[in-house]
Amino acid sequence: MSKVSVTGSKRVIDDVIEATYEHHSLHVTDYDERYEGFSPGESLDGAETVNEKLVTVRSLESILDVEGDEVDGARPLGDEELEAELAEVRERVNDLNDRRDDLQAKIRDREEEIDRMEPFADLGIELDLLGGYDSLEVVVGEAKPEAVEATLADADGISAYEVFAGSDVVAIFARPADGADEGVLQDSLVGVDIALLEVPDADASPSEYVADLERERDVLRSDLDEVEEELAAVKEEAAGFLLRAEEQLTIEAEKKQAPLSFATTENAFIAEGWVPTETFPDLQAAVADAVGDHAEVEELERASFTPDGDHHTEPVAGDGAAGDAEREAATDGGHAAHGGDDPPVVQNNGGAAGPFEVLVRGFGRPKYSEFDPTLLVFLTFPLMFGFMIGDVGYGVLYAAIGAFLYRNYEGTFRELGAVALWAGGFTILFGIYFGIDVFGYHAYQLLPGDIHWPVSGKGLSPADIDWALSFLVASVLFGLVHLNAGHILSFVSNYQQHDLKHALYEGGSWLLILNGAWIWIFSQHLPGPKPDFLFESFSILTFGAVSFAGFPVAVGYAAIAAIVLGVVLLAIGEPPELAEVLAPIVNVISYARIMAVLLAKGGMALAVNLLAFGAYIDEGGEGSFHFIFTSDYLEYVQNHPGDYELVFAGITTAFDPASIGLVGVVALVGGIVVAVVGHVVVLALGVTSAGIQAVRLEYVEFFGNFYEGGGNAYLPFGYDRQYTADEE
């Protein structure tokens, strides 16, 4: 990237803006008031009018619900055409929208009145009979008649009462006792759960009044439908125009507001920004063609990766005395020095890795000087996610959700859809690896007896506890490889940006400590506290192809020497980081969460199936879980207690196809509901557990070794036209 400045007279600022906008390569940086004698620029004349029109167009699009796919092709849109048609569309749409709002308000009023009257219609008493008495007090409310009558029977201030009840409302007529205060009826009902209702003032009977209101509401709804149809017709006619108008006005607004980022004096301006170095000559030529020598485009510096800090910016030689004189004249005698802002960043991860930029941007866009880790996230995130869920059924659903997002949305949701597709694919692969696991059921059991599936589960049953310990070791080994990649990138980055000494202090030290510590752990030096499964897992994971008893004692001593050397390098180069000297061990152990989530999600799926279908343990075999499903098989398991240990009978096992009864049908339906709801919950929690844990390992353990983020996106001044075209 090249830092450039565009310097010129204010007389040509419009033409310069037009030229740079059409070139669509200059990433303009905001003026930060660092130049003496310069001030931030102001919008060009007409900016306020353009913005008002743009607000109007977007408001009309919102009213008509214009989506953006209602245009067949791009075409020019003249200013006079825009002005005239916008006024016409605005008048039509605003009139229809006002009518729609008025009708909707009237419909709401009618519905509220109907809701208020329906209890009285249900009560069946004329409204004029519910008030106006001298010797009676009347209360209407929503309450239980039994509670009201029980309370009034014990009330001292009531001499007589009558309760009329509808389905949800009661009307209470009461004669106060001699000497009772006014309002004694309501006072007597204080302890009753009653919602008092105000009696409407209407001449008609409640049922007739409700019927009249419903007729009025239906007429209003019919009128509203007509207005909606008219709005739909306007949308069909005007959608293309509105989209073209929005695009054209957006372009005009951006051009007129561009000087807000410039440094200006009374007679001159300076615009600074970044362009791809290869496009600089073209930009220079475009401005020269537009305004000749009334403006100058100068390359100030070029950003590159050399041993001088985060990124190196090399000043570019000027054009000599003549060029300096021209620039001085254009800036009223003052040459403004360029700023020190970082170059913008273009992430260009095409193909399959591209959508994973959304995960990297969640942490922070890479700086210009940093390695973009998108490819590594693409290689590791789906792997971790798939391993933690490891189920063919869930994987298919994740992939289906991803396909839906990918096909029906754009932008971030489309990228997340692609990520979900990859995560679902690896979930299916690991589901096959874990014994063709389908919603917690090991389908390998359905294979012919002569086919042996090497992995019989996830380590949830007594039979495959060794697999659980092996998956723990596999998680740790993956973490070791992952962190090594991060420290290697840190070493390379420090070597490129500084020198070998810095690389050894800041990257090499941690590589020595990390690998030394874990080589020692997997060595036979001091074997007492080291569990056997650390070494036996290699044979289990490789199906017996690799036998590993640990590194020799001599290698263990060499590992200790590497640790000491790493600590010494760290003490020399980065003494404050000695407080984190155990981080390489702790961070690798953090990857054990992969195995933990695997067991947790597998255990949840097992629990769902256990409740729905029941399960037993085969005592005569290896102690594996088996689901029951049918009442006949449950009876068989119960009749052979020496061979099978019943874990849970299950809900669906109460269903007997031979004698279908109400209890059996309810059990079957209940079991299916439990299974479906339970697996939906597990599916959702898979995203919040496996997804979040995988992202955490990427962000905290992995990125923390070499990556900071915080870069700025490359946003060139200009617009990619979609609905309009330049007038020839």
# chains A, B, ... in the order shown; residues from 1 in each chain; ligands from 1

call {"tool": "select_by_dssp", "arguments": {"residues": "stretch 485-631 of chain A", "states": "strand (DSSP E or B)", "output": "ChimeraX atom specification"}}
result
/A:523,551,615-618,625-627

call {"tool": "residues_around", "arguments": {"residues": "A:Val476", "least_positions_apart": "5", "cutoff": "6 Å", "atoms": "only C-alpha atoms", "output": "PyMOL selection string"}}
result
chain A and resi 588+591-592

call {"tool": "closest_residue", "arguments": {"among": "A:Asp168, A:Glu299, A:Asp293, A:Asp341", "to": "A:Lys367", "atoms": "only C-alpha atoms"}}
result
A:Asp341

call {"tool": "closest_residue", "arguments": {"among": "A:Arg175, A:Arg414, A:Lys144, A:Arg116", "to": "A:Gly157", "atoms": "only C-alpha atoms"}}
result
A:Arg175

call {"tool": "residues_around", "arguments": {"residues": "A:Ile432", "least_positions_apart": "2", "cutoff": "12 Å", "atoms": "only C-alpha atoms", "output": "mmCIF file with all heavy atoms, in the first residue's frame"}}
result
data_model
loop_
_atom_site.group_PDB
_atom_site.id
_atom_site.type_symbol
_atom_site.label_atom_id
_atom_site.label_comp_id
_atom_site.auth_asym_id
_atom_site.auth_seq_id
_atom_site.Cartn_x
_atom_site.Cartn_y
_atom_site.Cartn_z
ATOM 1 N N GLY A 386 -16.250 -30.511 15.041
ATOM 2 C CA GLY A 386 -16.700 -31.846 14.659
ATOM 3 C C GLY A 386 -16.336 -32.894 15.674
ATOM 4 O O GLY A 386 -17.127 -33.802 15.969
ATOM 5 N N PHE A 387 -15.140 -32.802 16.256
ATOM 6 C CA PHE A 387 -14.713 -33.778 17.253
ATOM 7 C C PHE A 387 -15.561 -33.673 18.514
ATOM 8 O O PHE A 387 -15.920 -34.683 19.126
ATOM 9 C CB PHE A 387 -13.235 -33.552 17.590
ATOM 10 C CG PHE A 387 -12.639 -34.600 18.493
ATOM 11 C CD1 PHE A 387 -12.097 -35.749 17.966
ATOM 12 C CD2 PHE A 387 -12.625 -34.436 19.872
ATOM 13 C CE1 PHE A 387 -11.547 -36.723 18.791
ATOM 14 C CE2 PHE A 387 -12.088 -35.392 20.700
ATOM 15 C CZ PHE A 387 -11.543 -36.543 20.160
ATOM 16 N N ILE A 389 -18.694 -32.668 18.898
ATOM 17 C CA ILE A 389 -20.069 -33.149 18.730
ATOM 18 C C ILE A 389 -20.058 -34.594 18.242
ATOM 19 O O ILE A 389 -20.691 -35.464 18.835
ATOM 20 C CB ILE A 389 -20.854 -32.259 17.761
ATOM 21 C CG1 ILE A 389 -20.852 -30.808 18.266
ATOM 22 C CG2 ILE A 389 -22.282 -32.760 17.620
ATOM 23 C CD1 ILE A 389 -21.534 -30.610 19.596
ATOM 24 N N GLY A 390 -19.369 -34.878 17.156
ATOM 25 C CA GLY A 390 -19.163 -36.243 16.670
ATOM 26 C C GLY A 390 -20.431 -37.071 16.541
ATOM 27 O O GLY A 390 -20.540 -38.131 17.148
ATOM 28 N N ASP A 391 -21.390 -36.613 15.756
ATOM 29 C CA ASP A 391 -22.650 -37.334 15.607
ATOM 30 C C ASP A 391 -23.182 -37.088 14.195
ATOM 31 O O ASP A 391 -23.316 -35.940 13.768
ATOM 32 C CB ASP A 391 -23.660 -36.843 16.646
ATOM 33 C CG ASP A 391 -24.929 -37.673 16.674
ATOM 34 O OD1 ASP A 391 -25.727 -37.535 15.735
ATOM 35 O OD2 ASP A 391 -25.122 -38.427 17.637
ATOM 36 N N VAL A 392 -23.475 -38.170 13.482
ATOM 37 C CA VAL A 392 -23.939 -38.048 12.103
ATOM 38 C C VAL A 392 -25.259 -37.277 12.031
ATOM 39 O O VAL A 392 -25.446 -36.403 11.178
ATOM 40 C CB VAL A 392 -24.099 -39.441 11.457
ATOM 41 C CG1 VAL A 392 -24.698 -39.322 10.061
ATOM 42 C CG2 VAL A 392 -22.762 -40.161 11.401
ATOM 43 N N GLY A 393 -26.198 -37.583 12.930
ATOM 44 C CA GLY A 393 -27.498 -36.919 12.903
ATOM 45 C C GLY A 393 -27.387 -35.429 13.137
ATOM 46 O O GLY A 393 -27.937 -34.622 12.367
ATOM 47 N N TYR A 394 -26.665 -35.031 14.187
ATOM 48 C CA TYR A 394 -26.484 -33.610 14.455
ATOM 49 C C TYR A 394 -25.711 -32.941 13.318
ATOM 50 O O TYR A 394 -25.990 -31.802 12.941
ATOM 51 C CB TYR A 394 -25.740 -33.404 15.772
ATOM 52 C CG TYR A 394 -26.480 -33.896 16.988
ATOM 53 C CD1 TYR A 394 -25.816 -34.567 18.011
ATOM 54 C CD2 TYR A 394 -27.844 -33.695 17.130
ATOM 55 C CE1 TYR A 394 -26.482 -35.027 19.131
ATOM 56 C CE2 TYR A 394 -28.527 -34.141 18.248
ATOM 57 C CZ TYR A 394 -27.843 -34.811 19.253
ATOM 58 O OH TYR A 394 -28.503 -35.264 20.362
ATOM 59 N N GLY A 395 -24.714 -33.638 12.785
ATOM 60 C CA GLY A 395 -23.923 -33.077 11.696
ATOM 61 C C GLY A 395 -24.760 -32.767 10.474
ATOM 62 O O GLY A 395 -24.585 -31.725 9.832
ATOM 63 N N VAL A 396 -25.679 -33.661 10.142
ATOM 64 C CA VAL A 396 -26.560 -33.427 8.993
ATOM 65 C C VAL A 396 -27.423 -32.186 9.240
ATOM 66 O O VAL A 396 -27.618 -31.358 8.335
ATOM 67 C CB VAL A 396 -27.442 -34.664 8.731
ATOM 68 C CG1 VAL A 396 -28.541 -34.345 7.730
ATOM 69 C CG2 VAL A 396 -26.590 -35.824 8.230
ATOM 70 N N GLY A 425 -20.032 -30.923 8.297
ATOM 71 C CA GLY A 425 -19.343 -31.989 7.586
ATOM 72 C C GLY A 425 -18.367 -32.742 8.474
ATOM 73 O O GLY A 425 -18.325 -33.991 8.459
ATOM 74 N N PHE A 426 -17.586 -32.023 9.264
ATOM 75 C CA PHE A 426 -16.639 -32.691 10.167
ATOM 76 C C PHE A 426 -17.373 -33.396 11.303
ATOM 77 O O PHE A 426 -16.900 -34.412 11.810
ATOM 78 C CB PHE A 426 -15.636 -31.672 10.720
ATOM 79 C CG PHE A 426 -14.457 -31.454 9.817
ATOM 80 C CD1 PHE A 426 -14.525 -30.536 8.779
ATOM 81 C CD2 PHE A 426 -13.291 -32.179 9.983
ATOM 82 C CE1 PHE A 426 -13.449 -30.337 7.931
ATOM 83 C CE2 PHE A 426 -12.201 -31.990 9.141
ATOM 84 C CZ PHE A 426 -12.284 -31.065 8.102
ATOM 85 N N THR A 427 -18.518 -32.854 11.717
ATOM 86 C CA THR A 427 -19.321 -33.538 12.733
ATOM 87 C C THR A 427 -19.795 -34.890 12.210
ATOM 88 O O THR A 427 -19.804 -35.887 12.949
ATOM 89 C CB THR A 427 -20.524 -32.662 13.132
ATOM 90 O OG1 THR A 427 -20.059 -31.411 13.625
ATOM 91 C CG2 THR A 427 -21.363 -33.333 14.201
ATOM 92 N N ILE A 428 -20.175 -34.945 10.943
ATOM 93 C CA ILE A 428 -20.581 -36.218 10.334
ATOM 94 C C ILE A 428 -19.411 -37.187 10.279
ATOM 95 O O ILE A 428 -19.543 -38.379 10.627
ATOM 96 C CB ILE A 428 -21.138 -35.963 8.919
ATOM 97 C CG1 ILE A 428 -22.451 -35.176 8.999
ATOM 98 C CG2 ILE A 428 -21.368 -37.280 8.179
ATOM 99 C CD1 ILE A 428 -22.966 -34.709 7.654
ATOM 100 N N LEU A 429 -18.232 -36.704 9.869
ATOM 101 C CA LEU A 429 -17.060 -37.578 9.761
ATOM 102 C C LEU A 429 -16.687 -38.172 11.122
ATOM 103 O O LEU A 429 -16.423 -39.376 11.238
ATOM 104 C CB LEU A 429 -15.879 -36.796 9.185
ATOM 105 C CG LEU A 429 -16.000 -36.379 7.710
ATOM 106 C CD1 LEU A 429 -14.789 -35.544 7.297
ATOM 107 C CD2 LEU A 429 -16.113 -37.615 6.822
ATOM 108 N N PHE A 430 -16.664 -37.325 12.144
ATOM 109 C CA PHE A 430 -16.325 -37.843 13.470
ATOM 110 C C PHE A 430 -17.457 -38.702 14.026
ATOM 111 O O PHE A 430 -17.206 -39.613 14.821
ATOM 112 C CB PHE A 430 -15.996 -36.693 14.423
ATOM 113 C CG PHE A 430 -14.587 -36.194 14.295
ATOM 114 C CD1 PHE A 430 -14.330 -34.971 13.709
ATOM 115 C CD2 PHE A 430 -13.523 -36.953 14.738
ATOM 116 C CE1 PHE A 430 -13.033 -34.502 13.579
ATOM 117 C CE2 PHE A 430 -12.220 -36.500 14.616
ATOM 118 C CZ PHE A 430 -11.965 -35.272 14.034
ATOM 119 N N PHE A 434 -16.850 -42.355 15.547
ATOM 120 C CA PHE A 434 -17.281 -42.768 16.880
ATOM 121 C C PHE A 434 -18.346 -43.863 16.831
ATOM 122 O O PHE A 434 -19.250 -43.890 17.664
ATOM 123 C CB PHE A 434 -17.836 -41.577 17.664
ATOM 124 C CG PHE A 434 -16.819 -40.535 18.020
ATOM 125 C CD1 PHE A 434 -17.076 -39.195 17.785
ATOM 126 C CD2 PHE A 434 -15.608 -40.880 18.577
ATOM 127 C CE1 PHE A 434 -16.150 -38.221 18.107
ATOM 128 C CE2 PHE A 434 -14.669 -39.914 18.903
ATOM 129 C CZ PHE A 434 -14.932 -38.579 18.663
ATOM 130 N N GLY A 435 -18.271 -44.752 15.896
ATOM 131 C CA GLY A 435 -19.197 -45.878 15.860
ATOM 132 C C GLY A 435 -20.479 -45.590 15.112
ATOM 133 O O GLY A 435 -21.540 -46.106 15.479
ATOM 134 N N ILE A 436 -20.414 -44.761 14.058
ATOM 135 C CA ILE A 436 -21.590 -44.339 13.285
ATOM 136 C C ILE A 436 -22.668 -43.850 14.253
ATOM 137 O O ILE A 436 -23.794 -44.353 14.294
ATOM 138 C CB ILE A 436 -22.124 -45.474 12.388
ATOM 139 C CG1 ILE A 436 -20.985 -46.231 11.702
ATOM 140 C CG2 ILE A 436 -23.061 -44.923 11.324
ATOM 141 C CD1 ILE A 436 -21.429 -47.348 10.793
ATOM 142 N N ASP A 437 -22.298 -42.862 15.034
ATOM 143 C CA ASP A 437 -23.186 -42.307 16.066
ATOM 144 C C ASP A 437 -24.265 -41.456 15.402
ATOM 145 O O ASP A 437 -23.962 -40.496 14.687
ATOM 146 C CB ASP A 437 -22.359 -41.446 17.014
ATOM 147 C CG ASP A 437 -22.931 -41.412 18.407
ATOM 148 O OD1 ASP A 437 -23.830 -42.212 18.680
ATOM 149 O OD2 ASP A 437 -22.473 -40.595 19.218
ATOM 150 N N VAL A 438 -25.544 -41.805 15.603
ATOM 151 C CA VAL A 438 -26.673 -41.076 15.035
ATOM 152 C C VAL A 438 -27.614 -40.693 16.167
ATOM 153 O O VAL A 438 -28.307 -41.545 16.720
ATOM 154 C CB VAL A 438 -27.419 -41.911 13.972
ATOM 155 C CG1 VAL A 438 -28.540 -41.088 13.357
ATOM 156 C CG2 VAL A 438 -26.468 -42.408 12.895
ATOM 157 N N PHE A 439 -27.605 -39.424 16.538
ATOM 158 C CA PHE A 439 -28.410 -38.932 17.670
ATOM 159 C C PHE A 439 -28.178 -39.795 18.918
ATOM 160 O O PHE A 439 -29.115 -40.168 19.625
ATOM 161 C CB PHE A 439 -29.890 -38.895 17.309
ATOM 162 C CG PHE A 439 -30.222 -37.932 16.211
ATOM 163 C CD1 PHE A 439 -30.752 -38.384 15.011
ATOM 164 C CD2 PHE A 439 -29.992 -36.575 16.357
ATOM 165 C CE1 PHE A 439 -31.045 -37.501 13.987
ATOM 166 C CE2 PHE A 439 -30.287 -35.678 15.331
ATOM 167 C CZ PHE A 439 -30.810 -36.145 14.146
ATOM 168 N N GLY A 440 -26.917 -40.088 19.188
ATOM 169 C CA GLY A 440 -26.552 -40.831 20.386
ATOM 170 C C GLY A 440 -26.686 -42.335 20.275
ATOM 171 O O GLY A 440 -26.352 -43.054 21.221
ATOM 172 N N TYR A 441 -27.153 -42.842 19.135
ATOM 173 C CA TYR A 441 -27.285 -44.295 18.944
ATOM 174 C C TYR A 441 -26.159 -44.781 18.047
ATOM 175 O O TYR A 441 -25.921 -44.230 16.975
ATOM 176 C CB TYR A 441 -28.634 -44.632 18.305
ATOM 177 C CG TYR A 441 -28.796 -46.111 18.011
ATOM 178 C CD1 TYR A 441 -29.048 -47.017 19.037
ATOM 179 C CD2 TYR A 441 -28.684 -46.593 16.706
ATOM 180 C CE1 TYR A 441 -29.182 -48.369 18.772
ATOM 181 C CE2 TYR A 441 -28.827 -47.936 16.425
ATOM 182 C CZ TYR A 441 -29.069 -48.827 17.465
ATOM 183 O OH TYR A 441 -29.195 -50.163 17.202
ATOM 184 N N HIS A 442 -25.441 -45.813 18.504
ATOM 185 C CA HIS A 442 -24.317 -46.347 17.748
ATOM 186 C C HIS A 442 -24.824 -47.326 16.693
ATOM 187 O O HIS A 442 -25.074 -48.500 16.953
ATOM 188 C CB HIS A 442 -23.325 -47.047 18.684
ATOM 189 C CG HIS A 442 -22.761 -46.131 19.734
ATOM 190 N ND1 HIS A 442 -22.132 -44.953 19.414
ATOM 191 C CD2 HIS A 442 -22.730 -46.219 21.093
ATOM 192 C CE1 HIS A 442 -21.744 -44.349 20.523
ATOM 193 N NE2 HIS A 442 -22.097 -45.098 21.550
ATOM 194 N N ALA A 443 -24.942 -46.816 15.469
ATOM 195 C CA ALA A 443 -25.514 -47.614 14.395
ATOM 196 C C ALA A 443 -24.594 -48.738 13.930
ATOM 197 O O ALA A 443 -25.027 -49.611 13.169
ATOM 198 C CB ALA A 443 -25.863 -46.710 13.208
ATOM 199 N N TYR A 444 -23.328 -48.745 14.374
ATOM 200 C CA TYR A 444 -22.446 -49.849 13.981
ATOM 201 C C TYR A 444 -22.979 -51.187 14.502
ATOM 202 O O TYR A 444 -22.635 -52.254 13.961
ATOM 203 C CB TYR A 444 -21.026 -49.605 14.502
ATOM 204 C CG TYR A 444 -20.826 -49.929 15.965
ATOM 205 C CD1 TYR A 444 -20.440 -51.206 16.379
ATOM 206 C CD2 TYR A 444 -21.038 -48.963 16.944
ATOM 207 C CE1 TYR A 444 -20.275 -51.501 17.720
ATOM 208 C CE2 TYR A 444 -20.876 -49.245 18.278
ATOM 209 C CZ TYR A 444 -20.489 -50.519 18.664
ATOM 210 O OH TYR A 444 -20.324 -50.821 19.991
ATOM 211 N N TRP A 453 -16.240 -52.760 14.124
ATOM 212 C CA TRP A 453 -15.977 -51.317 14.087
ATOM 213 C C TRP A 453 -14.954 -50.976 15.166
ATOM 214 O O TRP A 453 -15.141 -51.290 16.328
ATOM 215 C CB TRP A 453 -17.272 -50.533 14.333
ATOM 216 C CG TRP A 453 -17.167 -49.127 13.820
ATOM 217 C CD1 TRP A 453 -16.839 -48.011 14.522
ATOM 218 C CD2 TRP A 453 -17.362 -48.717 12.470
ATOM 219 N NE1 TRP A 453 -16.822 -46.922 13.707
ATOM 220 C CE2 TRP A 453 -17.138 -47.317 12.423
ATOM 221 C CE3 TRP A 453 -17.693 -49.382 11.286
ATOM 222 C CZ2 TRP A 453 -17.239 -46.577 11.260
ATOM 223 C CZ3 TRP A 453 -17.804 -48.642 10.123
ATOM 224 C CH2 TRP A 453 -17.575 -47.260 10.112
ATOM 225 N N PRO A 454 -13.811 -50.375 14.785
ATOM 226 C CA PRO A 454 -12.705 -50.209 15.744
ATOM 227 C C PRO A 454 -13.029 -49.303 16.925
ATOM 228 O O PRO A 454 -12.508 -49.501 18.019
ATOM 229 C CB PRO A 454 -11.577 -49.624 14.885
ATOM 230 C CG PRO A 454 -12.262 -49.012 13.699
ATOM 231 C CD PRO A 454 -13.462 -49.863 13.445
ATOM 232 N N VAL A 455 -13.871 -48.268 16.722
ATOM 233 C CA VAL A 455 -14.220 -47.354 17.810
ATOM 234 C C VAL A 455 -15.675 -47.604 18.174
ATOM 235 O O VAL A 455 -16.575 -47.402 17.357
ATOM 236 C CB VAL A 455 -14.021 -45.880 17.404
ATOM 237 C CG1 VAL A 455 -14.335 -44.966 18.577
ATOM 238 C CG2 VAL A 455 -12.604 -45.656 16.920
ATOM 239 N N SER A 456 -15.916 -48.024 19.407
ATOM 240 C CA SER A 456 -17.258 -48.439 19.801
ATOM 241 C C SER A 456 -18.034 -47.366 20.551
ATOM 242 O O SER A 456 -19.127 -47.613 21.029
ATOM 243 C CB SER A 456 -17.177 -49.692 20.681
ATOM 244 O OG SER A 456 -16.396 -49.431 21.837
ATOM 245 N N GLY A 457 -17.492 -46.174 20.696
ATOM 246 C CA GLY A 457 -18.216 -45.130 21.404
ATOM 247 C C GLY A 457 -17.318 -43.959 21.748
ATOM 248 O O GLY A 457 -16.183 -43.849 21.281
ATOM 249 N N LYS A 458 -17.831 -43.096 22.608
ATOM 250 C CA LYS A 458 -17.121 -41.875 22.988
ATOM 251 C C LYS A 458 -16.511 -41.956 24.378
ATOM 252 O O LYS A 458 -15.988 -40.954 24.877
ATOM 253 C CB LYS A 458 -18.090 -40.686 22.925
ATOM 254 C CG LYS A 458 -18.655 -40.435 21.538
ATOM 255 C CD LYS A 458 -19.661 -39.301 21.554
ATOM 256 C CE LYS A 458 -20.200 -39.032 20.158
ATOM 257 N NZ LYS A 458 -21.241 -37.972 20.137
#

call {"tool": "residues_around", "arguments": {"residues": "A:Pro373", "least_positions_apart": "2", "cutoff": "12 Å", "atoms": "only C-alpha atoms", "output": "ChimeraX atom specification"}}
result
/A:347-349,353-354,356-361,363-367,370-371,375-381,485-486,489-490,698-699,702-709

call {"tool": "select_by_dssp", "arguments": {"residues": "stretch 57-295 of chain A", "states": "alpha helix (DSSP H)", "output": "VMD selection string"}}
result
chain A and resid 57 to 64 79 to 123 145 to 153 184 to 188 206 to 257 280 to 291

call {"tool": "residues_around", "arguments": {"residues": "stretch 103-106 of chain A", "least_positions_apart": "6", "cutoff": "9 Å", "atoms": "only C-alpha atoms", "output": "PyMOL selection string"}}
result
chain A and resi 217+220-221+223-224

call {"tool": "write_last_selection", "arguments": {"atoms": "all heavy atoms", "output": "PDB file, in the first residue's frame"}}
result
ATOM      1  N   ARG A 217     -65.512  -3.159  12.096  1.00  0.00           N
ATOM      2  CA  ARG A 217     -64.124  -3.623  11.973  1.00  0.00           C
ATOM      3  C   ARG A 217     -63.912  -4.334  10.641  1.00  0.00           C
ATOM      4  O   ARG A 217     -62.884  -4.132   9.976  1.00  0.00           O
ATOM      5  CB  ARG A 217     -63.777  -4.556  13.132  1.00  0.00           C
ATOM      6  CG  ARG A 217     -62.357  -5.082  13.109  1.00  0.00           C
ATOM      7  CD  ARG A 217     -62.185  -6.191  14.103  1.00  0.00           C
ATOM      8  NE  ARG A 217     -63.079  -7.319  13.791  1.00  0.00           N
ATOM      9  CZ  ARG A 217     -63.224  -8.388  14.581  1.00  0.00           C
ATOM     10  NH1 ARG A 217     -62.584  -8.454  15.727  1.00  0.00           N
ATOM     11  NH2 ARG A 217     -64.035  -9.364  14.223  1.00  0.00           N
ATOM     12  N   LEU A 220     -63.651  -1.818   7.875  1.00  0.00           N
ATOM     13  CA  LEU A 220     -62.344  -1.156   7.925  1.00  0.00           C
ATOM     14  C   LEU A 220     -61.238  -2.065   7.405  1.00  0.00           C
ATOM     15  O   LEU A 220     -60.319  -1.618   6.704  1.00  0.00           O
ATOM     16  CB  LEU A 220     -62.037  -0.724   9.365  1.00  0.00           C
ATOM     17  CG  LEU A 220     -62.912   0.403   9.928  1.00  0.00           C
ATOM     18  CD1 LEU A 220     -62.673   0.561  11.429  1.00  0.00           C
ATOM     19  CD2 LEU A 220     -62.607   1.715   9.198  1.00  0.00           C
ATOM     20  N   ARG A 221     -61.331  -3.352   7.744  1.00  0.00           N
ATOM     21  CA  ARG A 221     -60.331  -4.298   7.247  1.00  0.00           C
ATOM     22  C   ARG A 221     -60.400  -4.414   5.731  1.00  0.00           C
ATOM     23  O   ARG A 221     -59.363  -4.538   5.060  1.00  0.00           O
ATOM     24  CB  ARG A 221     -60.528  -5.663   7.896  1.00  0.00           C
ATOM     25  CG  ARG A 221     -60.049  -5.742   9.339  1.00  0.00           C
ATOM     26  CD  ARG A 221     -60.331  -7.108   9.929  1.00  0.00           C
ATOM     27  NE  ARG A 221     -59.746  -7.236  11.266  1.00  0.00           N
ATOM     28  CZ  ARG A 221     -59.921  -8.300  12.055  1.00  0.00           C
ATOM     29  NH1 ARG A 221     -60.693  -9.316  11.642  1.00  0.00           N
ATOM     30  NH2 ARG A 221     -59.354  -8.349  13.245  1.00  0.00           N
ATOM     31  N   ASP A 223     -61.365  -2.032   3.702  1.00  0.00           N
ATOM     32  CA  ASP A 223     -60.743  -0.811   3.188  1.00  0.00           C
ATOM     33  C   ASP A 223     -59.221  -0.887   3.288  1.00  0.00           C
ATOM     34  O   ASP A 223     -58.499  -0.436   2.389  1.00  0.00           O
ATOM     35  CB  ASP A 223     -61.253   0.409   3.961  1.00  0.00           C
ATOM     36  CG  ASP A 223     -62.736   0.665   3.717  1.00  0.00           C
ATOM     37  OD1 ASP A 223     -63.260   0.151   2.711  1.00  0.00           O
ATOM     38  OD2 ASP A 223     -63.360   1.360   4.545  1.00  0.00           O
ATOM     39  N   LEU A 224     -58.738  -1.467   4.395  1.00  0.00           N
ATOM     40  CA  LEU A 224     -57.292  -1.593   4.578  1.00  0.00           C
ATOM     41  C   LEU A 224     -56.688  -2.509   3.515  1.00  0.00           C
ATOM     42  O   LEU A 224     -55.598  -2.236   2.992  1.00  0.00           O
ATOM     43  CB  LEU A 224     -56.995  -2.129   5.983  1.00  0.00           C
ATOM     44  CG  LEU A 224     -55.516  -2.339   6.332  1.00  0.00           C
ATOM     45  CD1 LEU A 224     -54.757  -1.018   6.263  1.00  0.00           C
ATOM     46  CD2 LEU A 224     -55.380  -2.954   7.721  1.00  0.00           C
TER      47      LEU A 224
END

call {"tool": "atom_distance", "arguments": {"atom1": "atom CA of A:Ala268", "atom2": "atom CA of A:Gly292"}}
result
15.5 Å

call {"tool": "residues_around", "arguments": {"residues": "A:Pro176", "least_positions_apart": "6", "cutoff": "12 Å", "atoms": "only C-alpha atoms", "output": "PyMOL selection string"}}
result
chain A and resi 133-138+152+155-161+182-188
